[in-house]
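K.L.:
If it helps, the file is called protein-v5.tsv and holds TSV, C-alpha atoms and all ligand atoms:
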chain	number	residue	atom	x	y	z
I	72	PRO	CA	-23.56	22.12	-52.65
I	73	LYS	CA	-22.78	18.38	-52.62
I	74	ILE	CA	-19.10	19.12	-53.23
I	75	VAL	CA	-19.14	21.76	-50.50
I	76	THR	CA	-20.73	19.32	-48.04
I	77	ARG	CA	-18.14	16.68	-48.94
I	78	ALA	CA	-15.33	19.19	-48.48
I	79	ILE	CA	-16.67	20.20	-45.06
I	80	LEU	CA	-17.04	16.55	-44.05
I	81	ALA	CA	-13.53	15.78	-45.25
I	82	SER	CA	-12.04	18.64	-43.26
I	83	ILE	CA	-13.96	17.59	-40.13
I	84	MET	CA	-12.63	14.04	-40.58
I	85	MET	CA	-9.10	15.39	-41.01
I	86	ALA	CA	-9.43	17.49	-37.86
I	87	VAL	CA	-10.74	14.52	-35.85
I	88	PHE	CA	-7.90	12.36	-37.21
I	89	GLY	CA	-5.40	15.08	-36.29
I	90	VAL	CA	-6.71	15.28	-32.71
I	91	TRP	CA	-6.67	11.47	-32.43
I	92	LEU	CA	-3.07	11.35	-33.69
I	93	ALA	CA	-2.08	14.09	-31.26
I	94	VAL	CA	-3.68	12.18	-28.35
I	95	ILE	CA	-1.94	8.95	-29.40
I	96	SER	CA	1.46	10.62	-29.70
I	97	MET	CA	0.88	12.51	-26.43
I	98	LYS	CA	0.33	9.18	-24.68
I	99	ALA	CA	3.36	7.54	-26.25
I	100	ARG	CA	5.73	10.19	-24.87
I	101	PRO	CA	8.30	9.12	-22.25
I	102	ILE	CA	8.25	9.68	-18.48
I	103	GLY	CA	11.31	11.40	-17.01
I	104	VAL	CA	12.65	10.15	-13.66
I	105	ILE	CA	15.29	12.37	-12.06
I	106	ASP	CA	17.71	12.29	-9.14
I	107	SER	CA	21.16	13.61	-8.27
I	108	GLY	CA	22.46	10.06	-8.73
I	109	LEU	CA	21.46	6.43	-8.38
I	110	GLY	CA	18.97	6.86	-5.51
I	111	GLY	CA	16.02	7.43	-7.83
I	112	LEU	CA	16.49	3.91	-9.24
I	113	SER	CA	14.71	2.74	-6.08
I	114	ILE	CA	11.65	4.67	-7.24
I	115	LEU	CA	12.03	3.71	-10.90
I	116	ASN	CA	12.07	0.04	-9.88
I	117	THR	CA	8.58	0.35	-8.41
I	118	LEU	CA	7.30	2.29	-11.43
I	119	THR	CA	8.32	-0.08	-14.22
I	120	PRO	CA	6.47	-3.22	-13.04
I	121	ILE	CA	3.13	-1.40	-12.91
I	122	LEU	CA	3.61	0.86	-15.94
I	123	LYS	CA	4.56	-1.85	-18.39
I	124	ASN	CA	3.68	0.07	-21.54
I	125	GLU	CA	5.64	3.20	-20.75
I	126	LYS	CA	8.98	4.53	-21.92
I	127	PHE	CA	11.22	5.97	-19.17
I	128	ILE	CA	14.22	8.27	-19.24
I	129	TYR	CA	16.19	7.97	-16.00
I	130	LEU	CA	18.48	10.94	-15.52
I	131	ALA	CA	21.16	11.01	-12.79
I	132	ASP	CA	22.86	14.37	-12.35
I	133	HIS	CA	26.10	12.82	-11.08
I	134	GLN	CA	28.20	15.79	-12.09
I	135	TYR	CA	26.47	17.85	-9.38
I	136	CYS	CA	25.86	15.03	-6.86
I	137	PRO	CA	25.31	15.32	-3.90
I	138	TYR	CA	22.56	17.91	-4.04
I	139	GLY	CA	22.26	17.75	-0.24
I	140	ASP	CA	25.27	20.04	0.16
I	141	ARG	CA	24.19	22.58	-2.47
I	142	THR	CA	22.34	25.87	-2.21
I	143	SER	CA	18.72	26.17	-3.33
I	144	LYS	CA	19.85	28.49	-6.14
I	145	GLN	CA	22.30	25.89	-7.48
I	146	ILE	CA	19.67	23.13	-7.29
I	147	ASN	CA	17.06	25.30	-9.04
I	148	GLN	CA	19.54	26.15	-11.82
I	149	ARG	CA	20.30	22.46	-12.41
I	150	LEU	CA	16.60	21.63	-12.37
I	151	VAL	CA	15.82	24.19	-15.06
I	152	ALA	CA	18.55	22.75	-17.29
I	153	ILE	CA	17.36	19.18	-16.62
I	154	THR	CA	13.67	19.95	-17.16
I	155	ASN	CA	14.45	21.76	-20.42
I	156	PHE	CA	16.41	18.69	-21.55
I	157	LEU	CA	13.48	16.39	-20.68
I	158	LEU	CA	11.10	18.69	-22.53
I	159	GLU	CA	13.30	18.44	-25.62
I	160	LYS	CA	12.93	14.66	-25.25
I	161	ASN	CA	9.18	15.24	-25.18
I	162	CYS	CA	8.50	13.88	-21.67
I	163	LYS	CA	4.84	13.88	-20.63
I	164	LEU	CA	5.51	13.73	-16.87
I	165	VAL	CA	8.52	14.07	-14.56
I	166	VAL	CA	8.92	11.94	-11.45
I	167	VAL	CA	11.19	13.78	-9.03
I	168	ALA	CA	12.75	10.71	-7.42
I	169	CYS	CA	14.65	12.75	-4.85
I	170	ASN	CA	13.54	14.20	-1.51
I	171	THR	CA	16.14	16.97	-1.66
I	172	ILE	CA	14.90	18.23	-5.03
I	173	THR	CA	11.27	17.91	-3.98
I	174	THR	CA	11.60	19.74	-0.67
I	175	THR	CA	13.81	22.45	-2.17
I	176	SER	CA	12.48	22.98	-5.67
I	177	ILE	CA	9.16	21.35	-6.55
I	178	ASN	CA	7.12	24.50	-5.88
I	179	PHE	CA	9.58	26.50	-7.98
I	180	LEU	CA	9.41	23.91	-10.79
I	181	ARG	CA	5.61	23.85	-10.78
I	182	SER	CA	5.52	27.64	-10.96
I	183	ILE	CA	7.84	27.95	-13.95
I	184	TYR	CA	6.57	24.88	-15.84
I	185	PRO	CA	2.80	25.03	-15.24
I	186	ALA	CA	2.06	22.76	-18.21
I	187	ILE	CA	4.17	19.82	-16.97
I	188	PHE	CA	3.11	17.19	-14.47
I	189	PHE	CA	5.59	16.71	-11.62
I	190	VAL	CA	5.26	13.88	-9.11
I	191	GLY	CA	7.46	14.50	-6.07
I	192	THR	CA	9.07	12.35	-3.37
I	193	VAL	CA	8.77	13.32	0.29
I	194	PRO	CA	9.60	11.40	3.47
I	195	ALA	CA	6.82	8.98	4.52
I	196	ILE	CA	6.07	10.90	7.74
I	197	LYS	CA	2.28	10.69	7.40
I	198	PRO	CA	2.15	6.87	7.12
I	199	ALA	CA	4.60	6.62	10.01
I	200	ILE	CA	2.39	8.79	12.25
I	201	GLU	CA	-0.72	6.87	11.16
I	202	LYS	CA	0.87	3.70	12.56
I	203	ASN	CA	0.40	5.13	16.07
I	204	LEU	CA	3.74	3.79	17.21
I	205	LYS	CA	4.79	4.01	20.84
I	206	GLU	CA	8.18	5.69	20.52
I	207	ASN	CA	9.67	8.40	18.30
I	208	ILE	CA	9.92	8.48	14.53
I	209	ILE	CA	13.38	9.17	13.09
I	210	VAL	CA	13.62	10.65	9.60
I	211	LEU	CA	17.02	10.09	7.99
I	212	ALA	CA	17.58	12.61	5.20
I	213	THR	CA	20.11	14.99	3.71
I	214	GLN	CA	21.04	18.21	5.50
I	215	LYS	CA	19.25	20.16	2.78
I	216	THR	CA	15.99	18.22	3.24
I	217	VAL	CA	16.04	18.38	7.04
I	218	SER	CA	16.61	22.14	7.08
I	219	SER	CA	14.12	22.91	4.27
I	220	GLU	CA	10.99	24.96	4.96
I	221	TYR	CA	8.97	22.27	3.17
I	222	PHE	CA	10.14	19.57	5.61
I	223	GLN	CA	9.69	21.79	8.68
I	224	GLU	CA	6.16	22.60	7.54
I	225	MET	CA	5.37	18.90	7.04
I	226	ILE	CA	6.42	18.22	10.63
I	227	PHE	CA	4.50	21.23	11.90
I	228	ASN	CA	1.31	20.10	10.12
I	229	LEU	CA	1.52	16.36	10.78
I	230	ASP	CA	3.39	15.83	14.02
I	231	LYS	CA	1.02	16.98	16.76
I	232	LYS	CA	2.75	14.92	19.47
I	233	GLY	CA	6.33	16.07	18.77
I	234	LYS	CA	7.50	12.56	17.93
I	235	VAL	CA	9.21	13.16	14.59
I	236	HIS	CA	12.93	13.96	14.53
I	237	GLY	CA	14.84	14.72	11.34
I	238	ILE	CA	18.45	13.57	11.37
I	239	ALA	CA	20.88	14.65	8.67
I	240	SER	CA	23.30	11.98	7.52
I	241	PRO	CA	26.13	13.89	5.84
I	242	GLY	CA	28.40	11.82	3.62
I	243	LEU	CA	26.04	8.85	3.27
I	244	VAL	CA	24.95	9.70	-0.26
I	245	GLU	CA	28.61	9.89	-1.37
I	246	SER	CA	29.38	6.52	0.27
I	247	ILE	CA	26.39	4.91	-1.44
I	248	GLU	CA	27.54	6.38	-4.76
I	249	SER	CA	31.01	4.87	-4.14
I	250	GLY	CA	29.40	1.43	-3.91
I	251	ASN	CA	31.83	0.48	-1.10
I	252	LEU	CA	29.66	-1.75	1.10
I	253	LYS	CA	32.13	-1.81	3.99
I	254	ILE	CA	32.18	1.98	4.27
I	255	ILE	CA	28.39	2.17	3.82
I	256	LYS	CA	27.87	-0.28	6.71
I	257	GLN	CA	30.31	1.57	8.98
I	258	GLN	CA	28.65	4.87	8.27
I	259	ILE	CA	25.11	3.62	8.83
I	260	ASN	CA	26.21	1.95	12.05
I	261	LYS	CA	27.65	5.24	13.28
I	262	ILE	CA	24.48	7.17	12.37
I	263	ILE	CA	22.26	4.64	14.14
I	264	LYS	CA	24.47	4.52	17.25
I	265	ASN	CA	24.26	8.31	17.49
I	266	ILE	CA	20.46	8.32	17.75
I	267	LYS	CA	19.85	9.23	21.37
I	268	ALA	CA	16.04	9.05	21.49
I	269	ASN	CA	14.00	5.86	21.78
I	270	TYR	CA	12.41	5.15	18.44
I	271	SER	CA	9.92	2.78	16.83
I	272	ALA	CA	10.41	3.77	13.18
I	273	ILE	CA	13.00	5.03	10.73
I	274	VAL	CA	11.70	6.90	7.72
I	275	LEU	CA	14.08	6.84	4.77
I	276	GLY	CA	13.93	10.47	3.64
I	277	CYS	CA	16.46	10.14	0.84
I	278	THR	CA	16.00	7.82	-2.12
I	279	HIS	CA	19.66	6.77	-1.95
I	280	TYR	CA	18.99	5.22	1.47
I	281	ILE	CA	16.30	2.96	-0.01
I	282	LEU	CA	19.06	1.28	-2.05
I	283	VAL	CA	20.67	0.16	1.25
I	284	LYS	CA	17.43	-0.53	3.12
I	285	ASP	CA	18.48	-4.11	3.95
I	286	ILE	CA	21.70	-2.90	5.57
I	287	ILE	CA	19.79	-0.31	7.59
I	288	LYS	CA	17.27	-2.95	8.64
I	289	LYS	CA	20.05	-5.29	9.81
I	290	LEU	CA	21.74	-2.58	11.85
I	291	THR	CA	18.62	-1.42	13.72
I	292	PRO	CA	16.74	-3.21	16.53
I	293	PHE	CA	14.46	-5.89	15.01
I	294	ASN	CA	11.22	-4.23	16.17
I	295	VAL	CA	11.96	-0.90	14.44
I	296	VAL	CA	9.79	-0.30	11.37
I	297	ILE	CA	11.55	1.03	8.26
I	298	LEU	CA	9.36	3.16	5.98
I	299	GLU	CA	9.96	4.51	2.50
I	300	PRO	CA	7.63	6.06	-0.09
I	301	SER	CA	8.40	4.25	-3.37
I	302	GLN	CA	5.09	2.33	-3.64
I	303	ALA	CA	3.09	5.48	-2.87
I	304	ILE	CA	4.96	7.38	-5.60
I	305	ALA	CA	4.30	4.64	-8.15
I	306	LYS	CA	0.59	4.76	-7.24
I	307	GLN	CA	0.48	8.56	-7.49
I	308	THR	CA	2.26	8.49	-10.89
I	309	CYS	CA	-0.34	6.01	-12.22
I	310	LYS	CA	-3.14	8.19	-10.90
I	311	VAL	CA	-1.82	11.38	-12.54
I	312	LEU	CA	-1.37	9.56	-15.87
I	313	LYS	CA	-4.83	7.99	-15.68
I	314	ASP	CA	-6.63	11.16	-14.57
I	315	ASN	CA	-5.12	13.08	-17.46
I	316	ASN	CA	-5.63	10.37	-20.05
I	317	LEU	CA	-1.87	10.02	-20.54
I	318	LEU	CA	-1.37	6.29	-20.01
I	319	SER	CA	0.39	4.74	-23.00
I	320	ASN	CA	-1.57	2.39	-25.19
I	321	PRO	CA	-0.69	-1.26	-24.56
I	322	THR	CA	1.60	-1.71	-27.52
I	323	LEU	CA	4.89	-2.36	-25.75
I	324	LYS	CA	5.52	-5.77	-24.24
I	325	LYS	CA	7.69	-4.39	-21.44
I	326	PRO	CA	8.80	-0.94	-20.33
I	327	THR	CA	11.76	0.59	-22.09
I	328	THR	CA	14.18	2.64	-20.04
I	329	PHE	CA	17.08	4.83	-21.11
I	330	TYR	CA	19.62	5.45	-18.35
I	331	LEU	CA	21.52	8.71	-18.57
I	332	THR	CA	24.12	10.34	-16.35
I	333	THR	CA	25.84	13.72	-16.49
I	334	GLY	CA	28.82	12.04	-14.78
I	335	ASN	CA	30.87	8.96	-15.59
I	336	PRO	CA	28.63	6.32	-17.27
I	337	GLN	CA	31.02	3.39	-16.61
I	338	LYS	CA	31.13	4.18	-12.91
I	339	ALA	CA	27.33	4.60	-12.70
I	340	THR	CA	26.86	1.28	-14.50
I	341	GLN	CA	29.28	-0.52	-12.15
I	342	THR	CA	27.81	0.93	-8.94
I	343	ALA	CA	24.24	0.20	-10.04
I	344	LYS	CA	25.32	-3.40	-10.65
I	345	LYS	CA	26.87	-3.61	-7.17
I	346	LEU	CA	23.99	-2.05	-5.27
I	347	LEU	CA	21.01	-3.36	-7.22
I	348	ASN	CA	22.46	-6.40	-8.90
I	349	ASP	CA	20.90	-4.97	-12.02
I	350	SER	CA	22.65	-5.03	-15.40
I	351	ILE	CA	21.64	-1.60	-16.55
I	352	ILE	CA	23.87	0.49	-18.76
I	353	PHE	CA	24.24	4.23	-18.37
I	354	ASP	CA	24.97	6.57	-21.24
I	355	LYS	CA	26.60	9.95	-20.95
I	356	CYS	CA	24.50	13.05	-21.39
I	357	SER	CA	25.83	16.59	-21.25
I	358	ILE	CA	23.51	19.11	-19.66
I	401	LIG	N1	18.43	10.91	-3.63
I	401	LIG	C1	18.52	12.25	-3.09
I	401	LIG	C2	17.40	12.45	-2.03
I	401	LIG	O1	16.41	11.75	-2.05
I	401	LIG	C3	19.93	12.49	-2.67
I	401	LIG	C4	20.27	13.88	-2.45
I	401	LIG	C5	21.71	14.25	-2.64
I	401	LIG	O2	22.20	14.22	-3.77
I	401	LIG	O3	22.31	14.68	-1.66
I	401	LIG	O4	17.44	13.34	-1.23
When written as structure tokens, how does the structure in this file appear?

P.N.:
Amino acid sequence: PKIVTRAILASIMMAVFGVWLAVISMKARPIGVIDSGLGGLSILNTLTPILKNEKFIYLADHQYCPYGDRTSKQINQRLVAITNFLLEKNCKLVVVACNTITTTSINFLRSIYPAIFFVGTVPAIKPAIEKNLKENIIVLATQKTVSSEYFQEMIFNLDKKGKVHGIASPGLVESIESGNLKIIKQQINKIIKNIKANYSAIVLGCTHYILVKDIIKKLTPFNVVILEPSQAIAKQTCKVLKDNNLLSNPTLKKPTTFYLTTGNPQKATQTAKKLLNDSIIFDKCSI
């Protein structure tokens, strides 16, 4: 009986050890951050300083950028391929650092991958309304975001006074991806000049626009508030990790990030350097 007891104890210990190992390795898994291109770096840059012990995989789907001109079916197809790739890399959570993907596909993604945590990015309309500003609120976003049911529903639910106006800015994502500051400035100037309504705030409803926030700020009247959601997304990501006991153990000294693109890695590296003054290096990934 003593041997039997010992054997039972040993197997219990093994099982507990196995569960502990599984929890540890679950926590150590990377976080995926996705966008059609470089825009999501604006979100990643608010995640890394507060999640110092995490590993990140940043994935830019440059080959299919811009998503703003694509159909929902095309975006969903890309998202399935990308999510499967991130699952192969063992990601524990995916930050959708793109308004276009979130407003078009996050419900679809959550329905087909119920076991994965997705944190989405939507225009900061709620905080803008909560500021009780005098004039209108302009949301600059892609055509796809502005015309999405998700976005229209957000406005319907939040904007009781009819102050929020979505404005599509076609071509701006491509200009930002080109890294040509002169063209970017010209284009933003044109978009701003075309706003007919009086406005107190501009909500940046595309993560690419956050990369050129300073240019937008300079080209708008000084009293206009510019809002973007990156800090809120970082906070929400921390909360989901904490609530689900998925925060990495503090073993790493600083976050590690792998930068991947389905497009041209040299070009992505150069443009990221120009826009963010960040020496990050992209690698090619075929999805
Ligand atoms: N960064 C994406 C967003 O937030 C850009 C979309 C695009 O590729 O057109 O909407």

K.L.:
Record the distance separating atom CA of I:Pro326 and atom CA of I:Val166, expressed in Å with one decimal.

P.N.:
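According to the coordinates, atom CA of I:Pro326 and atom CA of I:Val166 are separated by 15.6 Å.
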
K.L.:
So which residues are near ligand LIG 401 (chain I), meaning at most 10 Å away with only C-alpha atoms and all ligand atoms counted, given back as a PyMOL selection string?

P.N.:
chain I and resi 105-114+131-133+135-141+146+167-175+192-194+211-217+240-245+248+275-282

K.L.:
Would you mind reading off the distance between atom CA of I:Thr154 and atom CA of I:Ile177, one decimal, in Å?

P.N.:
11.6 Å

K.L.:
Could you pull the residues within 8 Å of I:Leu331, counting all atoms listed in the file, minus those fewer than 2 positions along the same chain, as a ChimeraX atom specification?

P.N.:
/I:128-131,329,333,336,353-356

K.L.:
Using only C-alpha atoms, which residue out of I:Thr76, I:Lys163, I:Ser176, I:Ala86 lies closest to I:Asn316?

P.N.:
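Of all the options, I:Lys163 lies closest to I:Asn316.
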
K.L.:
Looking at all atoms listed in the file, which of I:Ala268, I:Ile259, I:Ala78, I:Ile358 is the one that sits closest to I:Lys288?

P.N.:
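Closest to I:Lys288, using all atoms listed in the file: I:Ile259.
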
K.L.:
Using only C-alpha atoms, pick whichever of I:Val151, I:Leu290, I:Ile297, I:Ile238 has the shortest atom-to-atom distance to I:Gln257.

P.N.:
I:Leu290

K.L.:
Provide the atom CA of I:Glu159 to atom CA of I:Thr119 distance in Å, to one decimal place.

P.N.:
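Result for atom CA of I:Glu159 versus atom CA of I:Thr119: 22.3 Å, one decimal.
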
K.L.:
Have stretch 212-223 of chain I completed to all heavy atoms, please, and pass it along as a short mmCIF file (atom, residue, chain, number, x, y, z; two decimals), keeping the file's coordinate frame.

P.N.:
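Saved file rebuild-v1.cif follows:
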data_model
loop_
_atom_site.label_atom_id
_atom_site.label_comp_id
_atom_site.auth_asym_id
_atom_site.auth_seq_id
_atom_site.Cartn_x
_atom_site.Cartn_y
_atom_site.Cartn_z
N ALA I 212 17.64 11.87 6.47
CA ALA I 212 17.58 12.61 5.20
C ALA I 212 18.85 13.42 5.01
O ALA I 212 19.74 13.40 5.88
CB ALA I 212 16.36 13.52 5.19
N THR I 213 18.93 14.13 3.91
CA THR I 213 20.11 14.99 3.71
C THR I 213 19.95 16.26 4.54
O THR I 213 18.84 16.63 4.93
CB THR I 213 20.26 15.39 2.22
OG1 THR I 213 19.13 16.18 1.85
CG2 THR I 213 20.37 14.18 1.31
N GLN I 214 21.07 16.95 4.74
CA GLN I 214 21.04 18.21 5.50
C GLN I 214 20.05 19.19 4.86
O GLN I 214 19.28 19.87 5.53
CB GLN I 214 22.46 18.79 5.53
CG GLN I 214 22.59 20.06 6.34
CD GLN I 214 22.14 19.86 7.79
OE1 GLN I 214 22.59 18.95 8.47
NE2 GLN I 214 21.22 20.71 8.25
N LYS I 215 20.09 19.21 3.52
CA LYS I 215 19.25 20.16 2.78
C LYS I 215 17.76 19.88 3.02
O LYS I 215 16.97 20.79 3.21
CB LYS I 215 19.60 20.03 1.28
CG LYS I 215 19.00 21.06 0.40
CD LYS I 215 19.76 22.35 0.43
CE LYS I 215 19.00 23.43 -0.29
NZ LYS I 215 19.24 24.74 0.30
N THR I 216 17.40 18.59 3.01
CA THR I 216 15.99 18.22 3.24
C THR I 216 15.58 18.58 4.67
O THR I 216 14.54 19.22 4.88
CB THR I 216 15.77 16.71 2.99
OG1 THR I 216 16.04 16.44 1.62
CG2 THR I 216 14.35 16.26 3.31
N VAL I 217 16.39 18.16 5.63
CA VAL I 217 16.04 18.38 7.04
C VAL I 217 15.86 19.86 7.35
O VAL I 217 14.97 20.25 8.10
CB VAL I 217 17.12 17.74 7.96
CG1 VAL I 217 16.91 18.13 9.40
CG2 VAL I 217 17.08 16.23 7.83
N SER I 218 16.70 20.71 6.74
CA SER I 218 16.61 22.14 7.08
C SER I 218 15.64 22.90 6.16
O SER I 218 15.46 24.10 6.33
CB SER I 218 18.00 22.76 7.04
OG SER I 218 18.55 22.56 5.77
N SER I 219 15.01 22.19 5.21
CA SER I 219 14.12 22.91 4.27
C SER I 219 12.82 23.35 4.95
O SER I 219 12.33 22.68 5.87
CB SER I 219 13.79 22.03 3.06
OG SER I 219 12.96 20.97 3.46
N GLU I 220 12.27 24.46 4.45
CA GLU I 220 10.99 24.96 4.96
C GLU I 220 9.89 23.92 4.73
O GLU I 220 9.02 23.72 5.56
CB GLU I 220 10.62 26.21 4.16
CG GLU I 220 10.42 27.45 4.99
CD GLU I 220 10.23 28.64 4.09
OE1 GLU I 220 9.13 28.78 3.53
OE2 GLU I 220 11.21 29.42 3.93
N TYR I 221 9.96 23.27 3.57
CA TYR I 221 8.97 22.27 3.17
C TYR I 221 8.89 21.16 4.22
O TYR I 221 7.82 20.78 4.70
CB TYR I 221 9.40 21.68 1.82
CG TYR I 221 8.35 20.89 1.07
CD1 TYR I 221 7.84 21.36 -0.13
CD2 TYR I 221 7.90 19.67 1.53
CE1 TYR I 221 6.90 20.62 -0.84
CE2 TYR I 221 6.96 18.93 0.84
CZ TYR I 221 6.47 19.41 -0.35
OH TYR I 221 5.54 18.68 -1.04
N PHE I 222 10.06 20.66 4.63
CA PHE I 222 10.14 19.57 5.61
C PHE I 222 9.65 20.05 6.99
O PHE I 222 8.87 19.37 7.65
CB PHE I 222 11.59 19.08 5.70
CG PHE I 222 11.81 17.94 6.65
CD1 PHE I 222 11.45 16.65 6.32
CD2 PHE I 222 12.39 18.16 7.90
CE1 PHE I 222 11.65 15.59 7.21
CE2 PHE I 222 12.60 17.11 8.79
CZ PHE I 222 12.23 15.83 8.44
N GLN I 223 10.09 21.24 7.38
CA GLN I 223 9.69 21.79 8.68
C GLN I 223 8.17 21.98 8.73
O GLN I 223 7.54 21.71 9.74
CB GLN I 223 10.40 23.14 8.94
CG GLN I 223 11.91 23.03 9.12
CD GLN I 223 12.31 22.09 10.25
OE1 GLN I 223 11.58 21.92 11.21
NE2 GLN I 223 13.47 21.45 10.12
#
